[in-house]
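Colleague: Here you go, start.tsv (TSV, C-alpha atoms and all ligand atoms):
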```tsv
chain	number	residue	atom	x	y	z
A	2	MET	CA	9.45	23.95	5.67
A	3	ASN	CA	12.12	24.44	3.02
A	4	TYR	CA	12.49	20.97	1.47
A	5	ALA	CA	16.28	21.39	1.25
A	6	LEU	CA	16.48	21.75	5.04
A	7	ARG	CA	14.44	18.61	5.77
A	8	LYS	CA	16.65	15.85	7.15
A	9	ARG	CA	16.05	12.15	7.54
A	10	ILE	CA	16.74	11.40	11.17
A	11	LEU	CA	17.00	8.04	12.91
A	12	VAL	CA	16.08	7.93	16.60
A	13	THR	CA	16.99	4.63	18.27
A	14	GLY	CA	14.98	4.01	21.43
A	15	GLY	CA	12.41	6.35	19.89
A	16	ALA	CA	9.43	4.75	21.65
A	17	GLY	CA	10.92	5.39	25.08
A	18	PHE	CA	10.46	8.30	27.45
A	19	LEU	CA	13.09	10.66	25.99
A	20	GLY	CA	12.98	9.20	22.48
A	21	SER	CA	9.26	9.87	22.05
A	22	HIS	CA	9.69	13.53	23.05
A	23	LEU	CA	12.65	13.82	20.68
A	24	CYS	CA	10.66	12.32	17.76
A	25	GLU	CA	7.89	14.82	18.44
A	26	ARG	CA	10.32	17.72	18.47
A	27	LEU	CA	12.10	16.66	15.27
A	28	LEU	CA	8.78	16.26	13.43
A	29	ALA	CA	7.70	19.70	14.68
A	30	ASP	CA	10.97	21.06	13.28
A	31	GLY	CA	9.96	19.67	9.87
A	32	HIS	CA	12.16	16.57	9.59
A	33	ASP	CA	11.50	13.00	8.52
A	34	VAL	CA	11.84	10.72	11.54
A	35	LEU	CA	12.61	7.02	11.56
A	36	CYS	CA	11.83	5.75	15.04
A	37	LEU	CA	13.51	2.45	15.88
A	38	ASP	CA	12.76	0.42	18.99
A	39	ASN	CA	12.59	-3.15	20.23
A	40	PHE	CA	9.93	-2.18	22.81
A	41	PHE	CA	11.90	-3.56	25.73
A	42	THR	CA	11.03	-0.60	27.95
A	43	GLY	CA	9.42	1.67	25.38
A	44	THR	CA	5.81	1.39	24.31
A	45	LYS	CA	3.86	2.10	21.15
A	46	ASP	CA	1.53	4.20	23.28
A	47	ASN	CA	4.30	6.79	23.57
A	48	ILE	CA	4.29	7.39	19.82
A	49	LEU	CA	0.77	6.35	18.87
A	50	HIS	CA	-0.15	9.96	18.19
A	51	LEU	CA	2.72	10.24	15.67
A	52	LEU	CA	1.82	7.19	13.57
A	53	GLU	CA	-0.56	9.12	11.32
A	54	ASP	CA	2.14	11.64	10.42
A	55	PRO	CA	3.47	10.83	6.91
A	56	HIS	CA	6.91	12.06	7.97
A	57	PHE	CA	7.07	9.53	10.81
A	58	GLU	CA	8.06	5.89	10.40
A	59	LEU	CA	8.24	3.20	13.09
A	60	MET	CA	10.58	0.22	12.86
A	61	ARG	CA	10.84	-2.68	15.30
A	62	HIS	CA	14.51	-3.54	15.50
A	63	ASP	CA	17.14	-4.38	18.09
A	64	VAL	CA	20.26	-2.19	17.87
A	65	THR	CA	22.49	-5.11	18.75
A	66	PHE	CA	21.90	-6.29	15.17
A	67	PRO	CA	23.21	-4.43	12.11
A	68	LEU	CA	20.90	-1.96	10.43
A	69	TYR	CA	20.84	-0.76	6.84
A	70	VAL	CA	18.85	2.43	6.31
A	71	GLU	CA	19.58	5.79	4.70
A	72	VAL	CA	19.56	8.78	7.06
A	73	ASP	CA	21.42	12.07	7.59
A	74	GLU	CA	21.60	12.02	11.39
A	75	ILE	CA	21.38	9.39	14.11
A	76	TYR	CA	20.32	9.93	17.70
A	77	ASN	CA	21.36	6.77	19.55
A	78	LEU	CA	19.15	6.53	22.62
A	79	ALA	CA	18.37	2.81	22.69
A	80	CYS	CA	19.18	1.39	26.12
A	81	PRO	CA	17.16	0.60	29.23
A	82	ALA	CA	17.85	3.50	31.58
A	83	SER	CA	16.68	2.62	35.08
A	84	PRO	CA	18.35	0.06	37.38
A	85	ILE	CA	15.26	-2.18	37.51
A	86	HIS	CA	15.26	-2.42	33.74
A	87	TYR	CA	18.98	-2.53	32.99
A	88	GLN	CA	19.66	-5.11	35.72
A	89	HIS	CA	16.90	-7.39	34.42
A	90	ASP	CA	19.26	-8.76	31.74
A	91	PRO	CA	22.66	-7.17	32.42
A	92	VAL	CA	24.47	-8.98	29.61
A	93	GLN	CA	21.94	-7.65	27.13
A	94	THR	CA	22.32	-4.17	28.64
A	95	THR	CA	26.06	-4.13	27.94
A	96	LYS	CA	25.42	-5.54	24.47
A	97	THR	CA	22.84	-2.84	23.78
A	98	SER	CA	25.30	-0.10	24.72
A	99	VAL	CA	28.40	-1.59	23.11
A	100	HIS	CA	27.11	-3.56	20.10
A	101	GLY	CA	24.43	-0.91	19.62
A	102	ALA	CA	27.08	1.82	19.49
A	103	ILE	CA	29.24	-0.23	17.10
A	104	ASN	CA	26.28	-0.81	14.79
A	105	MET	CA	25.12	2.81	14.85
A	106	LEU	CA	28.64	4.21	14.47
A	107	GLY	CA	29.25	1.80	11.58
A	108	LEU	CA	26.04	2.99	9.96
A	109	ALA	CA	27.02	6.64	10.50
A	110	LYS	CA	30.44	5.94	8.99
A	111	ARG	CA	28.93	4.36	5.87
A	112	LEU	CA	26.46	7.23	5.45
A	113	LYS	CA	28.82	10.02	6.58
A	114	ALA	CA	26.02	10.88	9.00
A	115	LYS	CA	26.31	12.72	12.30
A	116	LEU	CA	25.82	10.61	15.42
A	117	PHE	CA	24.46	11.74	18.79
A	118	GLN	CA	25.17	9.38	21.66
A	119	ALA	CA	22.93	9.44	24.74
A	120	SER	CA	25.44	8.95	27.51
A	121	THR	CA	24.80	9.45	31.18
A	122	SER	CA	25.93	10.99	34.43
A	123	GLU	CA	26.39	7.37	35.57
A	124	VAL	CA	29.73	7.42	33.74
A	125	TYR	CA	30.94	9.46	36.73
A	126	GLY	CA	29.97	6.57	39.03
A	127	ASP	CA	29.99	7.49	42.72
A	128	PRO	CA	31.82	10.77	42.15
A	129	GLU	CA	34.72	11.85	44.36
A	130	VAL	CA	34.44	15.41	43.07
A	131	HIS	CA	31.35	17.51	43.28
A	132	PRO	CA	29.74	18.93	41.19
A	133	GLN	CA	30.74	16.99	38.07
A	134	ARG	CA	32.53	18.60	35.12
A	135	GLU	CA	33.02	16.79	31.83
A	136	GLU	CA	36.80	16.68	32.52
A	137	TYR	CA	36.17	14.33	35.47
A	138	TRP	CA	36.89	10.70	34.51
A	139	GLY	CA	34.67	9.20	37.15
A	140	HIS	CA	34.77	6.70	39.98
A	141	VAL	CA	33.03	3.60	38.70
A	142	ASN	CA	32.83	0.10	40.13
A	143	PRO	CA	33.57	-2.16	37.12
A	144	ILE	CA	32.12	-5.34	38.64
A	145	GLY	CA	29.02	-4.25	40.56
A	146	PRO	CA	25.33	-4.64	39.67
A	147	ARG	CA	25.26	-1.18	38.05
A	148	SER	CA	28.38	-1.80	35.96
A	149	CYS	CA	26.54	-3.28	32.98
A	150	TYR	CA	25.01	0.14	32.42
A	151	ASP	CA	27.84	2.43	33.60
A	152	GLU	CA	30.65	0.57	31.85
A	153	GLY	CA	28.52	-0.08	28.76
A	154	LYS	CA	27.92	3.65	28.41
A	155	ARG	CA	31.61	4.41	29.07
A	156	CYS	CA	32.64	1.98	26.35
A	157	ALA	CA	30.09	3.54	23.97
A	158	GLU	CA	31.75	6.93	24.59
A	159	THR	CA	35.16	5.38	23.89
A	160	LEU	CA	33.85	3.99	20.62
A	161	CYS	CA	32.44	7.37	19.60
A	162	PHE	CA	35.77	9.09	20.13
A	163	ASP	CA	37.71	6.32	18.38
A	164	TYR	CA	35.39	6.53	15.37
A	165	GLN	CA	35.97	10.26	15.38
A	166	ARG	CA	39.79	9.99	15.63
A	167	GLN	CA	40.11	6.99	13.32
A	168	HIS	CA	37.41	7.68	10.73
A	169	GLY	CA	36.71	11.41	11.07
A	170	LEU	CA	33.12	10.73	12.12
A	171	ARG	CA	31.08	13.65	13.38
A	172	ILE	CA	30.03	12.75	16.93
A	173	LYS	CA	28.01	14.44	19.65
A	174	VAL	CA	28.17	12.90	23.12
A	175	ALA	CA	25.64	14.09	25.71
A	176	GLY	CA	26.14	13.34	29.40
A	177	ILE	CA	22.51	13.20	30.49
A	178	PHE	CA	21.58	13.76	34.12
A	179	ASN	CA	18.31	12.74	35.80
A	180	THR	CA	15.40	13.83	33.65
A	181	TYR	CA	11.69	13.67	34.39
A	182	GLY	CA	8.42	14.47	32.68
A	183	PRO	CA	5.32	12.92	31.13
A	184	ARG	CA	5.83	9.36	29.75
A	185	MET	CA	8.28	8.27	32.40
A	186	HIS	CA	7.64	4.70	33.46
A	187	PRO	CA	5.50	4.54	36.58
A	188	HIS	CA	7.22	1.45	37.99
A	189	ASP	CA	10.84	1.78	36.98
A	190	GLY	CA	12.12	2.61	40.44
A	191	ARG	CA	13.29	6.11	39.51
A	192	VAL	CA	12.81	8.54	42.30
A	193	VAL	CA	10.50	11.09	40.64
A	194	SER	CA	8.08	8.48	39.29
A	195	ASN	CA	8.27	6.48	42.54
A	196	PHE	CA	7.40	9.44	44.71
A	197	ILE	CA	4.59	10.66	42.44
A	198	VAL	CA	2.95	7.25	42.17
A	199	GLN	CA	3.25	6.66	45.91
A	200	ALA	CA	1.87	10.13	46.67
A	201	LEU	CA	-1.07	9.77	44.29
A	202	ARG	CA	-1.96	6.48	45.97
A	203	ASN	CA	-1.52	8.01	49.44
A	204	ALA	CA	0.94	5.17	50.03
A	205	PRO	CA	4.11	5.65	52.10
A	206	ILE	CA	6.83	7.55	50.18
A	207	THR	CA	10.07	5.54	50.36
A	208	LEU	CA	13.28	7.41	51.08
A	209	TYR	CA	16.43	5.33	50.67
A	210	GLY	CA	18.93	5.92	53.49
A	211	ASP	CA	18.32	9.09	55.49
A	212	GLY	CA	17.02	10.96	52.42
A	213	THR	CA	19.75	13.62	52.54
A	214	GLN	CA	21.46	12.37	49.36
A	215	THR	CA	20.94	14.86	46.54
A	216	ARG	CA	20.01	14.70	42.88
A	217	SER	CA	19.37	17.31	40.22
A	218	PHE	CA	16.34	16.97	37.99
A	219	CYS	CA	15.94	18.29	34.46
A	220	TYR	CA	12.55	18.69	32.83
A	221	VAL	CA	12.25	16.76	29.58
A	222	ASP	CA	11.56	19.80	27.32
A	223	ASP	CA	14.78	21.47	28.52
A	224	LEU	CA	16.75	18.31	27.86
A	225	ILE	CA	15.38	17.83	24.33
A	226	GLU	CA	16.29	21.44	23.52
A	227	GLY	CA	19.84	20.57	24.59
A	228	PHE	CA	19.84	17.46	22.35
A	229	VAL	CA	18.84	19.44	19.28
A	230	ARG	CA	21.30	22.26	19.98
A	231	LEU	CA	24.13	19.78	20.46
A	232	MET	CA	23.30	17.97	17.22
A	233	GLU	CA	23.18	21.29	15.34
A	234	SER	CA	26.40	22.64	16.87
A	235	PRO	CA	29.57	23.03	14.75
A	236	ASP	CA	31.48	19.80	14.02
A	237	ALA	CA	34.26	20.78	16.43
A	238	VAL	CA	31.77	20.47	19.30
A	239	THR	CA	31.88	16.77	20.10
A	240	GLY	CA	31.11	16.72	23.81
A	241	PRO	CA	30.91	15.12	26.15
A	242	ILE	CA	28.58	17.89	27.25
A	243	ASN	CA	26.63	17.62	30.47
A	244	LEU	CA	22.92	18.12	29.95
A	245	GLY	CA	21.02	18.44	33.18
A	246	ASN	CA	19.67	20.90	35.67
A	247	PRO	CA	22.21	22.05	38.26
A	248	GLY	CA	19.48	22.81	40.82
A	249	GLU	CA	20.20	20.32	43.61
A	250	PHE	CA	17.54	18.83	45.88
A	251	THR	CA	17.67	16.29	48.70
A	252	MET	CA	15.32	13.36	48.42
A	253	ILE	CA	13.42	14.75	51.41
A	254	GLU	CA	12.90	18.07	49.60
A	255	LEU	CA	11.66	16.27	46.49
A	256	ALA	CA	9.28	14.12	48.53
A	257	GLU	CA	7.87	17.19	50.29
A	258	ALA	CA	7.35	19.02	46.96
A	259	VAL	CA	5.56	16.01	45.46
A	260	LYS	CA	3.40	15.63	48.56
A	261	GLU	CA	2.38	19.26	48.46
A	262	LEU	CA	1.63	19.36	44.71
A	263	THR	CA	-0.42	16.15	44.83
A	264	GLY	CA	-2.18	17.09	48.07
A	265	SER	CA	-1.21	13.63	49.31
A	266	ARG	CA	-1.63	12.17	52.79
A	267	SER	CA	1.43	9.92	52.30
A	268	GLU	CA	3.96	9.48	55.09
A	269	LEU	CA	7.72	9.46	54.47
A	270	VAL	CA	9.35	6.11	55.35
A	271	HIS	CA	13.02	5.04	55.19
A	272	ALA	CA	14.52	1.96	53.47
A	273	PRO	CA	18.16	0.78	53.16
A	274	LEU	CA	20.33	2.43	50.47
A	275	PRO	CA	20.85	0.23	47.38
A	276	GLN	CA	24.44	-0.88	46.60
A	277	ASP	CA	26.61	1.71	44.78
A	278	ASP	CA	23.93	4.39	45.10
A	279	PRO	CA	25.75	7.71	44.56
A	280	ARG	CA	25.38	10.23	47.40
A	281	GLN	CA	25.46	13.33	45.24
A	282	ARG	CA	25.02	14.10	41.58
A	283	GLN	CA	25.02	17.59	40.11
A	284	PRO	CA	26.11	18.72	36.65
A	285	VAL	CA	28.36	21.64	35.84
A	286	ILE	CA	26.79	22.99	32.66
A	287	THR	CA	29.36	25.63	31.70
A	288	ARG	CA	30.16	23.80	28.44
A	289	GLY	CA	26.49	23.63	27.52
A	290	ARG	CA	26.11	27.34	28.26
A	291	GLU	CA	29.23	28.37	26.33
A	292	GLN	CA	29.15	25.96	23.41
A	293	LEU	CA	25.40	25.57	22.89
A	294	GLY	CA	23.93	28.70	24.50
A	295	TRP	CA	21.81	26.24	26.47
A	296	GLU	CA	20.55	26.10	30.00
A	297	PRO	CA	17.45	24.61	31.59
A	298	LYS	CA	14.52	26.95	32.12
A	299	VAL	CA	11.83	24.88	33.85
A	300	ALA	CA	11.87	24.99	37.66
A	301	LEU	CA	11.31	21.71	39.51
A	302	ARG	CA	7.85	22.58	40.79
A	303	GLU	CA	6.76	23.75	37.32
A	304	GLY	CA	7.95	20.54	35.69
A	305	LEU	CA	6.40	18.40	38.39
A	306	LYS	CA	2.91	19.71	37.60
A	307	PRO	CA	2.51	18.21	34.08
A	308	THR	CA	4.37	15.11	35.25
A	309	ILE	CA	1.92	14.60	38.12
A	310	ALA	CA	-1.01	15.28	35.80
A	311	TYR	CA	0.33	12.62	33.43
A	312	PHE	CA	0.57	10.02	36.18
A	313	GLU	CA	-2.87	10.94	37.44
A	314	GLY	CA	-4.27	10.13	34.01
A	315	LEU	CA	-2.27	6.93	33.89
A	316	LEU	CA	-3.39	5.70	37.28
A	317	ALA	CA	-6.97	6.54	36.43
A	318	GLY	CA	-6.54	4.29	33.37
A	319	GLN	CA	-7.28	7.22	31.10
A	320	CYS	CA	-5.35	8.79	28.24
A	321	GLY	CA	-2.31	10.43	29.79
A	322	ASP	CA	-2.55	13.68	27.89
A	323	ALA	CA	-0.64	15.82	30.33
A	324	GLY	CA	1.87	18.18	28.82
A	325	SER	CA	1.97	15.91	25.80
A	326	SER	CA	-0.44	14.40	23.35
A	327	ALA	CA	0.69	10.86	24.07
A	328	ARG	CA	-1.89	8.22	24.71
A	329	HIS	CA	-0.69	5.84	27.32
A	330	SER	CA	-2.83	3.07	28.72
A	331	GLY	CA	-2.40	2.20	32.38
A	332	ARG	CA	-1.82	-1.43	31.45
A	333	ASP	CA	1.06	-0.81	29.09
A	334	ALA	CA	2.67	1.90	31.15
A	335	GLY	CA	2.89	-0.50	34.06
A	336	ILE	CA	5.06	-2.98	32.17
A	337	GLN	CA	8.38	-4.01	33.51
A	338	CYS	CA	10.17	-5.81	30.69
A	339	ARG	CA	8.44	-7.02	27.60
A	340	GLU	CA	8.90	-9.35	24.69
A	341	SER	CA	12.59	-8.81	24.06
A	342	SER	CA	13.48	-9.88	27.59
A	343	ALA	CA	13.58	-13.49	26.37
A	344	GLU	CA	16.87	-15.24	27.05
A	345	ARG	CA	19.62	-14.58	24.55
A	346	PRO	CA	22.92	-16.19	23.69
A	401	LIG	N1	15.88	9.54	31.48
A	401	LIG	C1	17.01	9.88	32.09
A	401	LIG	O1	16.98	10.51	33.14
A	401	LIG	C2	18.33	9.48	31.48
A	401	LIG	C3	19.50	9.84	32.16
A	401	LIG	C4	20.74	9.49	31.62
A	401	LIG	C5	20.80	8.85	30.40
A	401	LIG	N2	19.64	8.51	29.75
A	401	LIG	C6	19.78	7.79	28.48
A	401	LIG	O2	18.84	8.26	27.54
A	401	LIG	C7	18.37	7.18	26.73
A	401	LIG	C8	16.85	7.12	26.78
A	401	LIG	O3	16.45	6.93	28.13
A	401	LIG	P1	14.91	6.92	28.57
A	401	LIG	O4	14.84	7.52	29.91
A	401	LIG	O5	14.08	7.46	27.48
A	401	LIG	O6	14.68	5.36	28.76
A	401	LIG	P2	13.55	4.42	28.12
A	401	LIG	O7	13.75	3.07	28.73
A	401	LIG	O8	12.21	5.05	28.24
A	401	LIG	O9	13.97	4.41	26.60
A	401	LIG	C9	14.91	3.54	26.05
A	401	LIG	C10	14.32	2.97	24.79
A	401	LIG	O10	15.29	2.10	24.18
A	401	LIG	C11	14.61	0.92	23.74
A	401	LIG	N3	15.60	-0.15	23.69
A	401	LIG	C12	16.23	-0.77	24.72
A	401	LIG	N4	17.06	-1.70	24.27
A	401	LIG	C13	16.99	-1.67	22.92
A	401	LIG	C14	17.61	-2.40	21.88
A	401	LIG	N5	18.51	-3.37	22.13
A	401	LIG	N6	17.26	-2.13	20.60
A	401	LIG	C15	16.35	-1.17	20.32
A	401	LIG	N7	15.72	-0.44	21.27
A	401	LIG	C16	16.05	-0.70	22.55
A	401	LIG	C17	13.54	0.70	24.78
A	401	LIG	O11	12.49	-0.13	24.35
A	401	LIG	C18	13.08	2.13	25.04
A	401	LIG	O12	12.06	2.53	24.16
A	401	LIG	C19	19.05	5.92	27.25
A	401	LIG	O13	20.17	5.64	26.44
A	401	LIG	C20	19.49	6.30	28.64
A	401	LIG	O14	20.64	5.59	29.03
A	401	LIG	C21	18.42	8.81	30.27
```
Will you turn the file into structure tokens for me?
Modeller:
Amino acid sequence: MNYALRKRILVTGGAGFLGSHLCERLLADGHDVLCLDNFFTGTKDNILHLLEDPHFELMRHDVTFPLYVEVDEIYNLACPASPIHYQHDPVQTTKTSVHGAINMLGLAKRLKAKLFQASTSEVYGDPEVHPQREEYWGHVNPIGPRSCYDEGKRCAETLCFDYQRQHGLRIKVAGIFNTYGPRMHPHDGRVVSNFIVQALRNAPITLYGDGTQTRSFCYVDDLIEGFVRLMESPDAVTGPINLGNPGEFTMIELAEAVKELTGSRSELVHAPLPQDDPRQRQPVITRGREQLGWEPKVALREGLKPTIAYFEGLLAGQCGDAGSSARHSGRDAGIQCRESSAERP
């Protein structure tokens, strides 16, 4: 690539599910990538195949502490993303979102770098309007078990926009909806991974409530394309921009699709709905279409195939080379929370 176009890009949470795909994409685009992670939910296995690349660098660091590096762009993804993980140490979850954002925004300010913030559809809470546009301010419980994540992410968005207004920082806020694909955690309680693992084991597939609540699912490659387009968009495009797939499926429909594609003998069983579980979640992606020329292309069944193949490899204890070149040992992929889960002040 043209040397003048090569950027130095920091990806926080780079050893996680989305972060590892983003690092791969940025390297493929010819950039230098600094991958930062504390390995709380991420694993070295996700990026093992990148370690030999001279343009890739791995750094163990916790974003709640200040960081001094020289980069042109920052993708701030560091944060546990599933309820099992973010509720494990809720105080640390809020700190990761809020202190992490302060540290990364401070770094971006010093470097005059562009900052991409991985926000979430959870900022809409249990939405009273459906589907969700970016103009909607949300319906969030500030004191419930999900609040550490939802409110942490909301505060991170606030900080982004205050840094923009107060310091002229270039910011890009993505409202990410449910995403799936190879390198998801097999035991993080998210519905796609849950159903696939249960189906592959011929174990009962658990539907919470009556299974008629809906979700929309975006395949990881589509999402990463949206990340890159948002980062490369003109400075006036700040977001928030919803990135997700508007195709809406009930949990029963998802379970049936997974059953069919895995050829599983699993039965569908019902369990009580968790507290604050939203009934519906679907993005309006007009802004993404108009401002980024972006929309998802991978249909659910198409995206489920490499995802299932990945989990098959994982459960067989083999290299999970399904739709990606990642090596992922069954042992490590089954982790819940690792070293950094130690108690903190
Ligand atoms: N996957 C989705 O469907 C989804 C949806 C909405 C938002 N998001 C957001 O996207 C980002 C990435 O999510 P993911 O699905 O890849 O989750 P993930 O858990 O696989 O990745 C998060 C990464 O951040 C790292 N991390 C956590 N705390 C850290 C800290 N204090 N310092 C440094 N690193 C830390 C973890 O070790 C992990 O590698 C998160 O910010 C999440 O909130 C994801």
Colleague: Skipping near chain neighbours, those fewer than 3 positions away, what residues fall within 7 Å of stretch 238-243 of chain A using all atoms listed in the file, listed as a ChimeraX atom specification?
Modeller: /A:135,172-177,234-235,284-286,288-289
Colleague: Grab the residues selected above and save them as a PDB file, in the coordinates of the input with C-alpha atoms.
Modeller:
```pdb
ATOM      1  CA  GLU A 135      33.020  16.790  31.830  1.00  0.00           C
ATOM      2  CA  ILE A 172      30.030  12.750  16.930  1.00  0.00           C
ATOM      3  CA  LYS A 173      28.010  14.440  19.650  1.00  0.00           C
ATOM      4  CA  VAL A 174      28.170  12.900  23.120  1.00  0.00           C
ATOM      5  CA  ALA A 175      25.640  14.090  25.710  1.00  0.00           C
ATOM      6  CA  GLY A 176      26.140  13.340  29.400  1.00  0.00           C
ATOM      7  CA  ILE A 177      22.510  13.200  30.490  1.00  0.00           C
ATOM      8  CA  SER A 234      26.400  22.640  16.870  1.00  0.00           C
ATOM      9  CA  PRO A 235      29.570  23.030  14.750  1.00  0.00           C
ATOM     10  CA  PRO A 284      26.110  18.720  36.650  1.00  0.00           C
ATOM     11  CA  VAL A 285      28.360  21.640  35.840  1.00  0.00           C
ATOM     12  CA  ILE A 286      26.790  22.990  32.660  1.00  0.00           C
ATOM     13  CA  ARG A 288      30.160  23.800  28.440  1.00  0.00           C
ATOM     14  CA  GLY A 289      26.490  23.630  27.520  1.00  0.00           C
TER      15      GLY A 289
END
```
Colleague: Emit as JSON the padded axis-aligned box for all listed atoms of ligand LIG 401 (chain A), 3 Å per side, with centre and edge lengths in Å to one decimal.
Modeller:
```
{"center_x": 16.4, "center_y": 3.6, "center_z": 26.7, "size_x": 14.7, "size_y": 19.9, "size_z": 18.8}
```
Colleague: List as a PyMOL selection string the protein and nucleic acid residues near stretch 291-300 of chain A, meaning an atom at most 10 Å away when all atoms listed in the file are counted, but skip any in the same chain fewer than 5 places from it.
Modeller: chain A and resi 218-224+226-235+238+240+242+244-248+286+305
Colleague: To check your reading of the model: which residues sit at most 8 Å from ligand LIG 401 (chain A) when counting only C-alpha atoms and all ligand atoms? Write the answer as a PyMOL selection string.
Modeller: chain A and resi 13-21+37-44+61-65+77-83+86+93-94+96-98+101+118-123+150+154+176-181+184-186+219
Colleague: With only C-alpha atoms as the atoms that count, which of A:Val198, A:Leu108, A:Ile103, A:Ala272 lies nearest to A:Thr159?
Modeller: A:Ile103
Colleague: So which one's closest to A:Leu11, A:Val72, A:Met252, A:Leu316, A:Ala237? Using only C-alpha atoms, please.
Modeller: A:Val72
Colleague: Can you measure atom CA of A:Asn142 to atom CA of A:Ala157 for me? One decimal in Å is fine.
Modeller: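 Separation between atom CA of A:Asn142 and atom CA of A:Ala157: 16.7 Å.
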Colleague: With a distance cut-off of 12 Å and all atoms listed in the file, select the neighbouring residues of A:Ala258, excluding the residue or stretch itself and same-chain residues fewer than 5 positions from it, and output the selection as a list in words.
Modeller: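 Once the nearby chain positions are removed, what remains is Val193, Phe196, Ile197, Ala200, Ile206, Phe250, Thr251, Met252, Ile253, Thr263, Gly264, Ser265, Ala300, Leu301, Arg302, Glu303, Gly304, Leu305, Lys306 and Ile309 of chain A.
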Colleague: Counting only C-alpha atoms, which residue out of A:Arg216, A:His89, A:Arg171, A:Arg7 sits closest to A:Val192?
Modeller: A:Arg216
Colleague: Point out the residue among A:Pro187, A:Pro307, A:Gly107, A:Gly212 with the least atom-to-atom distance to A:Val270, counting only C-alpha atoms.
Modeller: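 Closest candidate: A:Gly212.
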Colleague: I'd like the interatomic distance between atom CA of A:Tyr125 and atom CA of A:Glu74, to a tenth of an Å.
Modeller: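 Distance between the two atoms: 27.1 Å.
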Colleague: If you count only C-alpha atoms, which residues fall within 10 Å of A:Glu71, apart from same-chain ones fewer than 6 positions away, as a list of chain:residue names?
Modeller: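 Here the answer would be A:Arg9, A:Ile10, A:Leu11, A:Leu35, A:Leu108, A:Ala109, A:Arg111, A:Leu112, A:Ala114.
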Colleague: Atom CA of A:Tyr209 to atom CA of A:Glu249: how many Å, to one decimal?
Modeller: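 The value is 17.0 Å.
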Colleague: Can you work out which one of A:Asp189, A:Met105, A:Tyr164, A:Tyr87 has the shortest atom-to-atom distance to A:Ser148, counting only C-alpha atoms?
Modeller: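 Of A:Asp189, A:Met105, A:Tyr164, A:Tyr87, the one nearest A:Ser148, counting only C-alpha atoms, is A:Tyr87.
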Colleague: Considering only C-alpha atoms, can you say which of A:Cys149, A:Leu315, A:Leu201, A:Val141 comes closest to A:Ser267?
Modeller: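 That would be A:Leu201, the residue with the smallest distance to A:Ser267.
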